[in-house]
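Structure data (compact mmCIF, C-alpha atoms) from target00.txt:
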# COMPACT_ATOMS: atom_id res chain seq x y z
CA MET G 1 19.23 -0.25 1.94
CA THR G 2 18.70 -2.32 -1.18
CA THR G 3 18.88 -5.53 0.84
CA LEU G 4 16.31 -4.21 3.32
CA GLY G 5 13.95 -3.19 0.53
CA THR G 6 14.32 -6.58 -1.14
CA ARG G 7 13.58 -8.37 2.11
CA MET G 8 10.50 -6.22 2.69
CA ARG G 9 9.19 -6.98 -0.79
CA GLU G 10 9.83 -10.70 -0.31
CA HIS G 11 8.03 -10.61 3.04
CA SER G 12 5.08 -8.79 1.47
CA SER G 13 4.91 -11.30 -1.38
CA LEU G 14 5.02 -14.25 1.01
CA THR G 15 2.29 -12.68 3.16
CA THR G 16 0.13 -12.14 0.10
CA LEU G 17 0.64 -15.70 -1.14
CA GLY G 18 -0.17 -16.99 2.32
CA GLY G 19 -3.37 -14.94 2.43
CA PHE G 20 -4.50 -16.22 -0.96
CA ALA G 21 -3.65 -19.79 0.09
CA ILE G 22 -5.77 -19.46 3.25
CA ALA G 23 -8.65 -17.96 1.27
CA ALA G 24 -8.44 -20.77 -1.28
CA ILE G 25 -8.49 -23.42 1.45
CA LEU G 26 -11.52 -21.80 3.11
CA LEU G 27 -13.43 -21.46 -0.15
CA PHE G 28 -12.54 -24.71 -1.89
CA ALA G 29 -12.20 -27.11 1.05
CA VAL G 30 -13.72 -25.84 4.30
CA ALA G 31 -16.91 -24.24 2.96
CA PRO G 32 -18.04 -27.22 0.83
CA ALA G 33 -17.30 -29.59 3.71
CA LEU G 34 -19.21 -27.64 6.38
CA LEU G 35 -22.10 -26.00 4.53
CA SER G 36 -25.19 -27.64 3.14
CA ASP G 37 -26.07 -27.32 -0.54
CA PHE G 38 -28.52 -24.51 0.23
CA ARG G 39 -26.03 -22.53 2.35
CA LEU G 40 -23.26 -23.11 -0.19
CA ASN G 41 -25.49 -21.69 -2.90
CA LEU G 42 -26.17 -18.67 -0.67
CA LEU G 43 -22.44 -18.17 -0.19
CA ALA G 44 -21.96 -18.30 -3.97
CA LYS G 45 -24.53 -15.50 -4.26
CA PHE G 46 -22.63 -13.48 -1.65
CA LEU G 47 -19.38 -14.01 -3.57
CA CYS G 48 -21.02 -12.36 -6.60
CA PHE G 49 -21.75 -9.31 -4.44
CA ALA G 50 -18.13 -9.37 -3.25
CA ILE G 51 -16.89 -9.23 -6.86
CA VAL G 52 -18.94 -6.07 -7.40
CA ALA G 53 -17.65 -4.66 -4.11
CA ALA G 54 -14.02 -5.17 -5.12
CA GLY G 55 -14.57 -2.95 -8.16
CA ILE G 56 -16.39 -0.33 -6.08
CA GLY G 57 -13.49 -0.34 -3.63
CA LEU G 58 -11.14 0.54 -6.48
CA ALA G 59 -13.35 3.25 -7.98
CA TRP G 60 -14.68 4.77 -4.74
CA GLY G 61 -12.07 3.91 -2.15
CA ARG G 62 -9.04 4.72 -4.30
CA GLY G 63 -10.55 7.02 -6.91
CA GLY G 64 -13.09 8.93 -4.83
CA MET G 65 -15.95 8.20 -7.27
CA LEU G 66 -19.18 7.51 -5.37
CA THR G 67 -20.63 4.93 -7.75
CA LEU G 68 -24.31 4.58 -6.91
CA GLY G 69 -25.20 2.93 -10.20
CA GLN G 70 -23.26 -0.32 -10.33
CA GLY G 71 -26.57 -2.11 -10.72
CA VAL G 72 -26.53 -0.93 -14.36
CA PHE G 73 -23.44 -2.96 -15.24
CA PHE G 74 -24.47 -5.82 -12.96
CA GLY G 75 -27.79 -5.96 -14.82
CA ILE G 76 -26.21 -5.89 -18.28
CA GLY G 77 -24.10 -8.95 -17.52
CA ALA G 78 -26.96 -10.70 -15.75
CA TYR G 79 -29.50 -10.17 -18.53
CA ILE G 80 -27.09 -11.23 -21.28
CA MET G 81 -26.44 -14.48 -19.43
CA ALA G 82 -30.17 -14.96 -18.79
CA MET G 83 -31.01 -14.41 -22.45
CA HIS G 84 -28.44 -16.98 -23.53
CA LEU G 85 -29.68 -19.56 -21.02
CA GLN G 86 -33.30 -19.01 -22.07
CA MET G 87 -32.48 -19.48 -25.75
CA ALA G 88 -30.34 -22.54 -25.01
CA ASP G 89 -33.28 -24.09 -23.15
CA ALA G 90 -35.65 -23.23 -26.03
CA THR G 91 -33.31 -24.81 -28.58
CA ARG G 92 -33.02 -27.94 -26.46
CA LEU G 93 -36.82 -28.22 -26.30
CA GLY G 94 -37.22 -27.53 -30.02
CA ASN G 95 -38.97 -24.17 -29.60
CA ASP G 96 -38.37 -21.03 -31.62
CA VAL G 97 -38.76 -18.69 -28.65
CA PRO G 98 -38.42 -19.14 -24.87
CA GLU G 99 -41.46 -20.34 -22.94
CA PHE G 100 -42.25 -16.97 -21.31
CA MET G 101 -42.51 -15.41 -24.79
CA GLU G 102 -45.02 -18.04 -25.87
CA ILE G 103 -47.08 -17.29 -22.78
CA SER G 104 -46.90 -13.56 -23.53
CA GLY G 105 -47.94 -14.13 -27.14
CA ILE G 106 -44.54 -13.34 -28.72
CA ARG G 107 -44.03 -15.78 -31.60
CA GLU G 108 -40.88 -14.35 -33.15
CA LEU G 109 -37.53 -13.93 -31.43
CA PRO G 110 -36.61 -10.23 -31.08
CA THR G 111 -33.62 -9.06 -33.08
CA PHE G 112 -31.51 -8.04 -30.06
CA TRP G 113 -31.88 -11.58 -28.64
CA GLN G 114 -30.43 -13.35 -31.66
CA PRO G 115 -26.67 -12.63 -31.20
CA PHE G 116 -26.71 -14.01 -27.66
CA ALA G 117 -27.92 -17.42 -28.81
CA SER G 118 -24.23 -18.23 -29.33
CA GLY G 119 -22.29 -19.03 -26.18
CA PRO G 120 -19.02 -17.33 -27.21
CA VAL G 121 -20.89 -14.20 -28.32
CA ALA G 122 -22.75 -14.10 -25.00
CA ILE G 123 -19.51 -14.41 -23.03
CA LEU G 124 -17.91 -11.71 -25.19
CA GLY G 125 -20.91 -9.45 -24.59
CA ILE G 126 -20.70 -10.01 -20.84
CA LEU G 127 -17.04 -9.04 -20.84
CA LEU G 128 -17.18 -6.10 -23.25
CA LEU G 129 -20.62 -4.49 -23.15
CA PRO G 130 -20.60 -3.28 -19.50
CA ALA G 131 -17.06 -1.94 -19.95
CA LEU G 132 -18.04 -0.21 -23.20
CA VAL G 133 -21.10 1.43 -21.61
CA ALA G 134 -18.97 2.55 -18.68
CA ALA G 135 -16.34 3.98 -21.03
CA VAL G 136 -18.92 6.03 -22.91
CA LEU G 137 -20.59 7.27 -19.72
CA GLY G 138 -17.26 7.96 -18.06
CA TYR G 139 -15.97 9.92 -21.04
CA GLY G 140 -19.08 12.09 -21.11
CA VAL G 141 -19.08 12.67 -17.35
CA PHE G 142 -15.43 12.96 -16.35
CA LYS G 143 -14.34 14.97 -19.38
CA ARG G 144 -16.90 17.56 -18.29
CA ARG G 145 -15.39 17.45 -14.79
CA VAL G 146 -18.57 16.19 -13.14
CA LYS G 147 -17.68 14.82 -9.73
CA GLY G 148 -18.78 14.52 -6.13
CA ALA G 149 -22.48 14.50 -5.36
CA TYR G 150 -23.39 15.34 -8.96
CA PHE G 151 -21.70 12.19 -10.22
CA ALA G 152 -23.35 10.09 -7.48
CA ILE G 153 -26.81 11.42 -8.35
CA LEU G 154 -26.23 10.88 -12.06
CA SER G 155 -25.08 7.28 -11.60
CA GLN G 156 -28.04 6.56 -9.33
CA ALA G 157 -30.44 8.04 -11.88
CA LEU G 158 -29.00 5.70 -14.54
CA ALA G 159 -29.71 2.67 -12.36
CA ALA G 160 -33.28 3.85 -11.77
CA ALA G 161 -33.80 4.54 -15.48
CA LEU G 162 -32.56 1.07 -16.47
CA ALA G 163 -34.83 -0.63 -13.94
CA ILE G 164 -37.84 1.33 -15.19
CA LEU G 165 -36.93 0.56 -18.81
CA LEU G 166 -36.65 -3.18 -18.16
CA THR G 167 -39.92 -3.23 -16.23
CA GLY G 168 -41.85 -2.10 -19.30
CA GLN G 169 -40.20 -4.52 -21.75
CA GLN G 170 -42.21 -7.73 -22.07
CA ALA G 171 -39.61 -9.08 -24.51
CA ILE G 172 -37.18 -9.51 -21.62
CA GLY G 173 -39.62 -10.57 -18.93
CA GLY G 174 -40.97 -7.24 -17.80
CA PHE G 175 -41.45 -6.80 -14.06
CA THR G 176 -40.97 -10.51 -13.26
CA GLY G 177 -37.69 -10.78 -15.19
CA LEU G 178 -36.19 -14.00 -16.53
CA SER G 179 -36.10 -17.26 -14.59
CA ASP G 180 -36.53 -21.06 -14.75
CA PHE G 181 -33.15 -21.82 -16.29
CA ARG G 182 -32.61 -25.53 -16.83
CA ALA G 183 -28.97 -25.73 -17.85
CA PHE G 184 -25.72 -23.77 -17.76
CA PHE G 185 -23.71 -24.36 -20.95
CA GLY G 186 -24.94 -27.93 -21.13
CA PHE G 187 -24.78 -28.71 -17.38
CA LYS G 188 -28.11 -29.29 -15.65
CA LEU G 189 -28.71 -26.77 -12.89
CA SER G 190 -30.87 -29.24 -10.99
CA ASP G 191 -27.81 -31.40 -10.30
CA PRO G 192 -26.19 -30.53 -6.92
CA ALA G 193 -22.74 -31.29 -8.34
CA ASN G 194 -23.23 -28.69 -11.06
CA ARG G 195 -24.44 -26.12 -8.55
CA LYS G 196 -21.32 -26.78 -6.51
CA MET G 197 -19.34 -26.22 -9.71
CA LEU G 198 -20.94 -22.76 -9.97
CA PHE G 199 -19.77 -22.02 -6.43
CA PHE G 200 -16.21 -22.97 -7.34
CA ILE G 201 -16.37 -20.75 -10.45
CA ALA G 202 -17.56 -17.81 -8.36
CA ALA G 203 -14.87 -18.43 -5.73
CA ALA G 204 -12.09 -18.65 -8.33
CA THR G 205 -13.37 -15.50 -10.04
CA LEU G 206 -13.35 -13.61 -6.75
CA LEU G 207 -9.75 -14.59 -6.03
CA VAL G 208 -8.68 -13.48 -9.51
CA VAL G 209 -10.53 -10.18 -9.14
CA VAL G 210 -8.93 -9.49 -5.75
CA ALA G 211 -5.49 -10.26 -7.21
CA LEU G 212 -6.11 -7.84 -10.10
CA VAL G 213 -7.33 -5.10 -7.77
CA ARG G 214 -4.30 -5.57 -5.54
CA GLN G 215 -1.98 -5.28 -8.52
CA LEU G 216 -3.70 -2.10 -9.67
CA MET G 217 -3.54 -0.59 -6.19
CA ARG G 218 0.17 -1.30 -5.83
CA SER G 219 1.07 -0.10 -9.33
CA ARG G 220 1.99 3.41 -10.41
CA TYR G 221 -1.52 3.76 -11.75
CA GLY G 222 -2.86 3.07 -8.26
CA GLU G 223 -0.69 5.84 -6.84
CA LEU G 224 -1.89 8.19 -9.57
CA LEU G 225 -5.51 7.27 -8.82
CA VAL G 226 -5.05 8.17 -5.15
CA ALA G 227 -3.39 11.44 -6.18
CA VAL G 228 -6.39 12.27 -8.37
CA ARG G 229 -8.69 11.55 -5.46
CA ASP G 230 -6.78 13.80 -3.06
CA GLN G 231 -5.39 16.57 -5.29
CA GLU G 232 -6.99 16.49 -8.72
CA GLU G 233 -5.84 19.97 -9.75
CA ARG G 234 -2.22 19.26 -8.85
CA VAL G 235 -2.30 16.10 -10.96
CA ARG G 236 -3.62 18.15 -13.86
CA PHE G 237 -0.81 20.69 -13.43
CA LEU G 238 1.71 17.83 -13.56
CA GLY G 239 0.56 17.00 -17.09
CA TYR G 240 -1.85 14.11 -16.44
CA ASP G 241 -5.51 14.11 -17.41
CA PRO G 242 -7.51 13.12 -14.29
CA ALA G 243 -10.50 12.23 -16.47
CA ASN G 244 -8.58 9.40 -18.17
CA VAL G 245 -7.43 8.07 -14.80
CA LYS G 246 -11.00 8.01 -13.51
CA ILE G 247 -12.37 6.43 -16.67
CA VAL G 248 -10.01 3.46 -16.32
CA ALA G 249 -11.10 2.79 -12.72
CA TYR G 250 -14.76 3.23 -13.64
CA VAL G 251 -14.44 0.81 -16.57
CA VAL G 252 -12.64 -1.79 -14.44
CA ALA G 253 -15.37 -1.59 -11.79
CA ALA G 254 -18.05 -2.01 -14.48
CA PHE G 255 -16.15 -4.96 -15.96
CA PHE G 256 -16.16 -6.74 -12.60
CA ALA G 257 -19.84 -5.92 -12.02
CA GLY G 258 -20.79 -7.41 -15.40
CA ILE G 259 -18.99 -10.66 -14.61
CA ALA G 260 -20.65 -10.81 -11.19
CA GLY G 261 -24.08 -10.34 -12.76
CA ALA G 262 -23.44 -13.10 -15.27
CA LEU G 263 -22.54 -15.51 -12.43
CA PHE G 264 -25.47 -14.33 -10.30
CA THR G 265 -28.06 -15.40 -12.89
CA PRO G 266 -27.46 -19.18 -12.92
CA ILE G 267 -26.59 -19.26 -9.21
CA VAL G 268 -29.81 -17.60 -8.04
CA GLY G 269 -31.94 -18.78 -10.96
CA ILE G 270 -33.67 -15.45 -11.62
CA ILE G 271 -32.87 -11.90 -12.64
CA SER G 272 -35.39 -9.07 -12.52
CA PRO G 273 -35.42 -5.25 -12.46
CA ALA G 274 -35.64 -5.45 -8.68
CA ASP G 275 -32.11 -6.93 -8.62
CA ILE G 276 -30.46 -4.10 -10.54
CA GLY G 277 -32.24 -0.91 -9.49
CA VAL G 278 -31.41 1.80 -6.98
CA VAL G 279 -31.81 -0.33 -3.86
CA PRO G 280 -29.34 -3.07 -4.90
CA SER G 281 -26.85 -0.42 -6.03
CA ILE G 282 -27.01 1.26 -2.62
CA ALA G 283 -26.72 -2.15 -0.93
CA PHE G 284 -23.45 -2.75 -2.80
CA LEU G 285 -22.18 0.59 -1.53
CA ILE G 286 -23.23 -0.08 2.07
CA GLY G 287 -21.23 -3.30 2.17
CA VAL G 288 -18.14 -1.51 0.85
CA ALA G 289 -18.49 1.34 3.34
CA ILE G 290 -19.00 -0.96 6.32
CA GLY G 291 -16.09 -3.19 5.38
CA GLY G 292 -13.67 -0.35 4.66
CA ARG G 293 -13.56 1.19 1.20
CA THR G 294 -9.88 2.17 1.17
CA THR G 295 -8.56 -1.32 1.89
CA LEU G 296 -8.18 -4.37 -0.34
CA LEU G 297 -10.20 -6.94 1.60
CA GLY G 298 -12.53 -4.53 3.41
CA PRO G 299 -15.06 -4.20 0.55
CA VAL G 300 -15.02 -7.96 -0.10
CA LEU G 301 -15.54 -8.97 3.52
CA GLY G 302 -18.01 -6.14 4.08
CA ALA G 303 -20.17 -7.20 1.13
CA ILE G 304 -20.18 -10.85 2.24
CA GLY G 305 -20.86 -9.89 5.87
CA VAL G 306 -23.73 -7.52 5.08
CA ALA G 307 -25.34 -10.01 2.69
CA TRP G 308 -25.02 -12.79 5.26
CA ALA G 309 -26.45 -10.57 8.01
CA GLN G 310 -29.35 -9.58 5.78
CA THR G 311 -30.19 -13.23 5.16
CA ALA G 312 -29.76 -14.24 8.80
CA PHE G 313 -31.62 -11.33 10.39
CA SER G 314 -34.38 -11.17 7.78
CA GLU G 315 -35.25 -14.78 8.58
CA GLN G 316 -35.90 -13.82 12.22
CA PHE G 317 -36.82 -10.12 11.90
CA PRO G 318 -38.25 -9.61 8.40
CA SER G 319 -39.26 -5.99 8.99
CA GLY G 320 -36.35 -4.96 11.18
CA TRP G 321 -33.34 -5.64 8.96
CA THR G 322 -33.74 -2.47 6.90
CA TYR G 323 -33.63 -0.31 10.02
CA LEU G 324 -30.64 -2.20 11.40
CA GLN G 325 -28.81 -1.80 8.09
CA GLY G 326 -29.49 1.94 8.10
CA VAL G 327 -28.30 2.34 11.69
CA LEU G 328 -25.14 0.34 10.97
CA PHE G 329 -24.39 2.48 7.92
CA ILE G 330 -24.89 5.72 9.88
CA VAL G 331 -22.64 4.53 12.71
CA VAL G 332 -19.87 3.53 10.32
CA VAL G 333 -20.02 6.71 8.26
CA GLY G 334 -20.30 8.96 11.31
CA PHE G 335 -17.84 7.35 13.71
CA ILE G 336 -15.70 4.87 11.73
CA PRO G 337 -15.13 6.43 8.30
CA ALA G 338 -12.50 3.80 7.46
CA GLY G 339 -15.03 0.99 8.02
CA LEU G 340 -14.56 -2.12 10.12
CA ALA G 341 -11.12 -2.60 8.56
CA GLY G 342 -10.07 0.65 10.24
CA VAL G 343 -11.17 -0.31 13.76
CA TRP G 344 -7.91 -2.03 14.69
CA PRO G 345 -5.62 0.78 13.42
CA MET G 346 -7.82 3.29 15.24
CA LEU G 347 -7.63 1.37 18.52
CA LYS G 348 -3.89 0.86 18.10
CA GLY G 349 -3.40 4.58 17.46
CA ALA G 350 -5.43 5.46 20.55
CA TYR G 351 -3.40 3.02 22.65
CA ASP G 352 -0.11 4.41 21.38
CA ALA G 353 -1.29 7.95 22.01
CA ARG G 354 -2.32 7.06 25.56
CA PHE G 355 0.52 4.82 26.69
CA GLY G 356 3.24 5.24 24.10
CA LYS G 357 4.29 8.75 25.15
CA ALA G 358 4.77 7.72 28.76
CA VAL G 359 7.64 5.42 27.90
CA GLU G 360 9.24 7.71 25.35
CA PRO G 361 11.22 9.81 27.93
CA GLU G 362 12.71 6.68 29.50
CA LYS G 363 13.69 5.35 26.08
CA SER G 364 15.25 8.65 25.10
CA ALA G 365 17.17 8.93 28.40
CA LYS G 366 18.51 5.40 28.06
CA ALA G 367 19.42 6.11 24.48
CA GLU G 368 21.39 9.18 25.52
CA GLU G 369 23.25 7.19 28.19
CA SER G 370 24.04 4.35 25.81
CA GLU G 371 25.21 6.59 22.98
CA PRO G 372 29.00 7.13 23.02
CA LYS G 373 30.01 10.74 23.38
CA ALA G 374 31.80 12.20 20.43
CA GLU G 375 35.37 13.22 21.04
CA GLU G 376 36.06 16.93 20.90
CA PRO G 377 38.30 17.86 18.01
CA ALA G 378 41.80 18.90 18.96
CA VAL G 379 42.38 22.65 18.88
CA GLN G 380 44.65 23.56 16.05
CA PRO G 381 47.08 26.40 16.69
CA GLU G 382 46.22 29.47 14.67
CA PRO G 383 48.94 30.80 12.39
CA GLU G 384 50.55 34.04 13.45
CA SER G 385 48.88 36.73 11.45
CA GLY G 386 51.76 39.18 11.86
CA THR G 387 54.37 36.89 10.30
CA ASP G 388 52.12 36.11 7.33
CA ASP G 389 51.43 39.78 6.73
CA ALA G 390 55.16 40.65 6.80
CA LYS G 391 56.00 37.94 4.30
CA ALA G 392 53.25 39.13 1.98
CA ALA G 393 54.54 42.73 2.15
CA GLU G 394 58.09 41.62 1.33
CA GLU G 395 56.86 39.65 -1.69
CA LYS G 396 55.01 42.69 -3.01
CA VAL G 397 58.10 44.90 -2.67
CA GLU G 398 60.31 42.38 -4.43
CA SER G 399 57.87 42.08 -7.25
CA ARG G 400 57.93 45.81 -7.80
Can you dump the structure from the file as structure tokens?
Amino acid sequence: MTTLGTRMREHSSLTTLGGFAIAAILLFAVAPALLSDFRLNLLAKFLCFAIVAAGIGLAWGRGGMLTLGQGVFFGIGAYIMAMHLQMADATRLGNDVPEFMEISGIRELPTFWQPFASGPVAILGILLLPALVAAVLGYGVFKRRVKGAYFAILSQALAAALAILLTGQQAIGGFTGLSDFRAFFGFKLSDPANRKMLFFIAAATLLVVVALVRQLMRSRYGELLVAVRDQEERVRFLGYDPANVKIVAYVVAAFFAGIAGALFTPIVGIISPADIGVVPSIAFLIGVAIGGRTTLLGPVLGAIGVAWAQTAFSEQFPSGWTYLQGVLFIVVVGFIPAGLAGVWPMLKGAYDARFGKAVEPEKSAKAEESEPKAEEPAVQPEPESGTDDAKAAEEKVESR
């Protein structure tokens, strides 16, 4: 039994390593060789969406938390990176404030901009601030046992509120957002080699994120997260606090979204409230649902596939993609709840149910014929009860 379990674990590890090796070859060798610079940059943008989707798959697929507000954390990471790039460009040009502030009549750098002038501080803010905001929100929501549709509506309202807040702030670009970045930590963004470097960074980040999500799913915490999703009250009776379990998954998803937003800014070259509001948050969710929210690679492939389809179809049918996206989402939710990743298991189950039972009687009959018959135990002669009773009576008399 131990040997079988060890072999199964070794086989699973080899399969996983093989999958990561294939993904690395496709991302680092095949894609740069086959795609043009423009298409490679588009793929880098899609990889940012896939990073967000991996976190949503953990929080929603495993934890049952319908996160409709991931645009909040995506926007925090994106705007921190944009602020740092704008100030780096201003310093390089010898200006006190970024160019858009000069045009808007702002002559003094706002106080909340100043810490992000430092590269290490900006990176630290990208890593910590979305997770910190998620921890505070999660503590306030999950400790009060808010879940289901109420949590989804609340998270969506937060994304809408952030987009409205950013729209009215001229100090961070207002409705148009922040754009026209010239360099990324000293590397010129106009150089195709540097843009290809951004693609490699996004690809490597995605592989690391998928590896982390896989480890969490296969750990004891992952099992506990699924238990909270399915039977929250039973988990509470066992002595665990479901709120703490949910907070961890929510914080991890926010952490990934912040990193994705920070990579999105230099790759696309612009960040605005339109990129972090309700519509982008729902688009993240649609990709996860279509790909298969309960699987490891389903959210990643679904996010990349939906983003690619949006780009491809919107080029030919600009007004028809939204309707097609809605129809696809309805079909998946209504008829394929497990997403596209669940199509093959569903077809295999239907095939086994249709044809598997027909061969079961033959297999069972052959098994009965091949099984050796057990030998009947030899009948042991029963002791004579009369003799035993007489001996017992004699012993009682002698004892008296």
| Do you have the CA of Ala44 in chain G-CA of Ala303 in chain G distance handy? |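 Pair CA of Ala44 in chain G / CA of Ala303 in chain G returns 12.3 Å.
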| Which residue gives the smallest distance to Ile270 in chain G among G:Gly177, G:Gly63, G:Gly349, G:Gly140, with only C-alpha atoms counted? |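 Selected residue with least distance to Ile270 in chain G: G:Gly177.
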| message | Here is a test: counting all atoms listed in the file, which residue of G:Phe284, G:Tyr79, G:Phe199, G:Phe264 is nearest to Leu166 in chain G? | response | G:Tyr79
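The gap separating CA of Ile25 in chain G from CA of Gly55 in chain G is 23.4 Å, in Å to one decimal.
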List the neighbours of Pro337 in chain G out to 9 Å using only C-alpha atoms; skip same-chain residues closer than 2 positions along the sequence, and give me the result as a PDB file with C-alpha atoms, keeping the file's coordinate frame.
ATOM      1  CA  ALA G 289     -18.490   1.340   3.340  1.00  0.00           C
ATOM      2  CA  ILE G 290     -19.000  -0.960   6.320  1.00  0.00           C
ATOM      3  CA  GLY G 292     -13.670  -0.350   4.660  1.00  0.00           C
ATOM      4  CA  ARG G 293     -13.560   1.190   1.200  1.00  0.00           C
ATOM      5  CA  VAL G 331     -22.640   4.530  12.710  1.00  0.00           C
ATOM      6  CA  VAL G 332     -19.870   3.530  10.320  1.00  0.00           C
ATOM      7  CA  VAL G 333     -20.020   6.710   8.260  1.00  0.00           C
ATOM      8  CA  GLY G 334     -20.300   8.960  11.310  1.00  0.00           C
ATOM      9  CA  PHE G 335     -17.840   7.350  13.710  1.00  0.00           C
ATOM     10  CA  GLY G 339     -15.030   0.990   8.020  1.00  0.00           C
ATOM     11  CA  LEU G 340     -14.560  -2.120  10.120  1.00  0.00           C
ATOM     12  CA  GLY G 342     -10.070   0.650  10.240  1.00  0.00           C
TER      13      GLY G 342
END
| Excluding same-chain residues fewer than 4 positions from Gly61 in chain G, what lies within 8 Å of it counting only C-alpha atoms, as a count of residues only? | 6
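Once range 105-117 of chain G and its same-chain neighbours fewer than 5 positions away are set aside, Ile80, Met83, His84, Met87, Ala88, Val97 and Ala122 of chain G remain within 7 Å of it when counting only C-alpha atoms.
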Write the residues you've just listed into a file as a PDB file, in the coordinates of the input, and include C-alpha atoms for each of them.
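See part-v4.pdb below for the written result:
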ATOM      1  CA  ILE G  80     -27.090 -11.230 -21.280  1.00  0.00           C
ATOM      2  CA  MET G  83     -31.010 -14.410 -22.450  1.00  0.00           C
ATOM      3  CA  HIS G  84     -28.440 -16.980 -23.530  1.00  0.00           C
ATOM      4  CA  MET G  87     -32.480 -19.480 -25.750  1.00  0.00           C
ATOM      5  CA  ALA G  88     -30.340 -22.540 -25.010  1.00  0.00           C
ATOM      6  CA  VAL G  97     -38.760 -18.690 -28.650  1.00  0.00           C
ATOM      7  CA  ALA G 122     -22.750 -14.100 -25.000  1.00  0.00           C
TER       8      ALA G 122
END
| note | Closest of G:Ala307, G:Phe313, G:Leu85, G:Leu14 to Ile123 in chain G, counting all atoms listed in the file, is G:Leu85
| Quick one, how far is CA of Leu212 in chain G from CA of Ala21 in chain G? |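 Going from CA of Leu212 in chain G over to CA of Ala21 in chain G, I get 15.9 Å.
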| query | Leaving out Leu154 in chain G and any residue of its chain fewer than 5 positions from it, which residues lie within 10 Å of it when counting only C-alpha atoms, given as a list in words? | reply |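 Skipping anything fewer than 5 positions along the chain leaves Thr67, Leu68, Gly69, Val141, Val146, Lys147, Ala149, Ala159 and Ala160 of chain G.
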| task | Excluding Ile282 in chain G and residues on its chain fewer than 2 positions from it, collect all residues at most 12 Å away from it, counting only C-alpha atoms, and give them as a ChimeraX atom specification. | result | /G:49,52-53,56,66-72,152-153,155-157,159-160,275-280,284-289,303,325-326,329
Take the residues from that selection and put them in a file with C-alpha atoms, as a tab-separated table (two decimals), in the frame of the given file.
chain	number	residue	atom	x	y	z
G	49	PHE	CA	-21.75	-9.31	-4.44
G	52	VAL	CA	-18.94	-6.07	-7.40
G	53	ALA	CA	-17.65	-4.66	-4.11
G	56	ILE	CA	-16.39	-0.33	-6.08
G	66	LEU	CA	-19.18	7.51	-5.37
G	67	THR	CA	-20.63	4.93	-7.75
G	68	LEU	CA	-24.31	4.58	-6.91
G	69	GLY	CA	-25.20	2.93	-10.20
G	70	GLN	CA	-23.26	-0.32	-10.33
G	71	GLY	CA	-26.57	-2.11	-10.72
G	72	VAL	CA	-26.53	-0.93	-14.36
G	152	ALA	CA	-23.35	10.09	-7.48
G	153	ILE	CA	-26.81	11.42	-8.35
G	155	SER	CA	-25.08	7.28	-11.60
G	156	GLN	CA	-28.04	6.56	-9.33
G	157	ALA	CA	-30.44	8.04	-11.88
G	159	ALA	CA	-29.71	2.67	-12.36
G	160	ALA	CA	-33.28	3.85	-11.77
G	275	ASP	CA	-32.11	-6.93	-8.62
G	276	ILE	CA	-30.46	-4.10	-10.54
G	277	GLY	CA	-32.24	-0.91	-9.49
G	278	VAL	CA	-31.41	1.80	-6.98
G	279	VAL	CA	-31.81	-0.33	-3.86
G	280	PRO	CA	-29.34	-3.07	-4.90
G	284	PHE	CA	-23.45	-2.75	-2.80
G	285	LEU	CA	-22.18	0.59	-1.53
G	286	ILE	CA	-23.23	-0.08	2.07
G	287	GLY	CA	-21.23	-3.30	2.17
G	288	VAL	CA	-18.14	-1.51	0.85
G	289	ALA	CA	-18.49	1.34	3.34
G	303	ALA	CA	-20.17	-7.20	1.13
G	325	GLN	CA	-28.81	-1.80	8.09
G	326	GLY	CA	-29.49	1.94	8.10
G	329	PHE	CA	-24.39	2.48	7.92
| field | Residue among G:Gly64, G:Gly75, G:Lys143, G:Ser272 lying closest to Gln170 in chain G, counting all atoms listed in the file | value |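 Of G:Gly64, G:Gly75, G:Lys143, G:Ser272, the one nearest Gln170 in chain G is G:Ser272, counting all atoms listed in the file.
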| query | Between G:Gly269, G:Arg234, G:Ser314, G:Leu58, which has the minimum distance to Leu198 in chain G (counting only C-alpha atoms)? | reply |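 Of G:Gly269, G:Arg234, G:Ser314, G:Leu58, the one nearest Leu198 in chain G, counting only C-alpha atoms, is G:Gly269.
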| field | From G:Gly94, G:Gly186, G:Pro266, G:Pro299, residue lying nearest Val210 in chain G [only C-alpha atoms] | value |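 The shortest atom-to-atom distance to Val210 in chain G comes from G:Pro299.
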Centre, edges in Å (one decimal): axis-aligned box, range 225-230 of chain G, 3 Å padding on all six sides, as AutoDock Vina command-line options:
--center_x -6.0 --center_y 10.5 --center_z -5.9 --size_x 11.3 --size_y 12.5 --size_z 11.8
Counting only C-alpha atoms, which residues in range 209-268 of chain G sit no more than 9 Å from range 125-129 of chain G? For each one, give the nearest pair of atoms and the distance in Å, sorted by chain then residue number, as JSON lines.
{"residue": "G:Phe255", "atom": "CA", "partner": "G:Leu127", "partner_atom": "CA", "distance": 6.4}
{"residue": "G:Phe256", "atom": "CA", "partner": "G:Leu127", "partner_atom": "CA", "distance": 8.6}
{"residue": "G:Gly258", "atom": "CA", "partner": "G:Ile126", "partner_atom": "CA", "distance": 6.0}
{"residue": "G:Ile259", "atom": "CA", "partner": "G:Ile126", "partner_atom": "CA", "distance": 6.5}
{"residue": "G:Gly261", "atom": "CA", "partner": "G:Ile126", "partner_atom": "CA", "distance": 8.8}
{"residue": "G:Ala262", "atom": "CA", "partner": "G:Ile126", "partner_atom": "CA", "distance": 6.9}
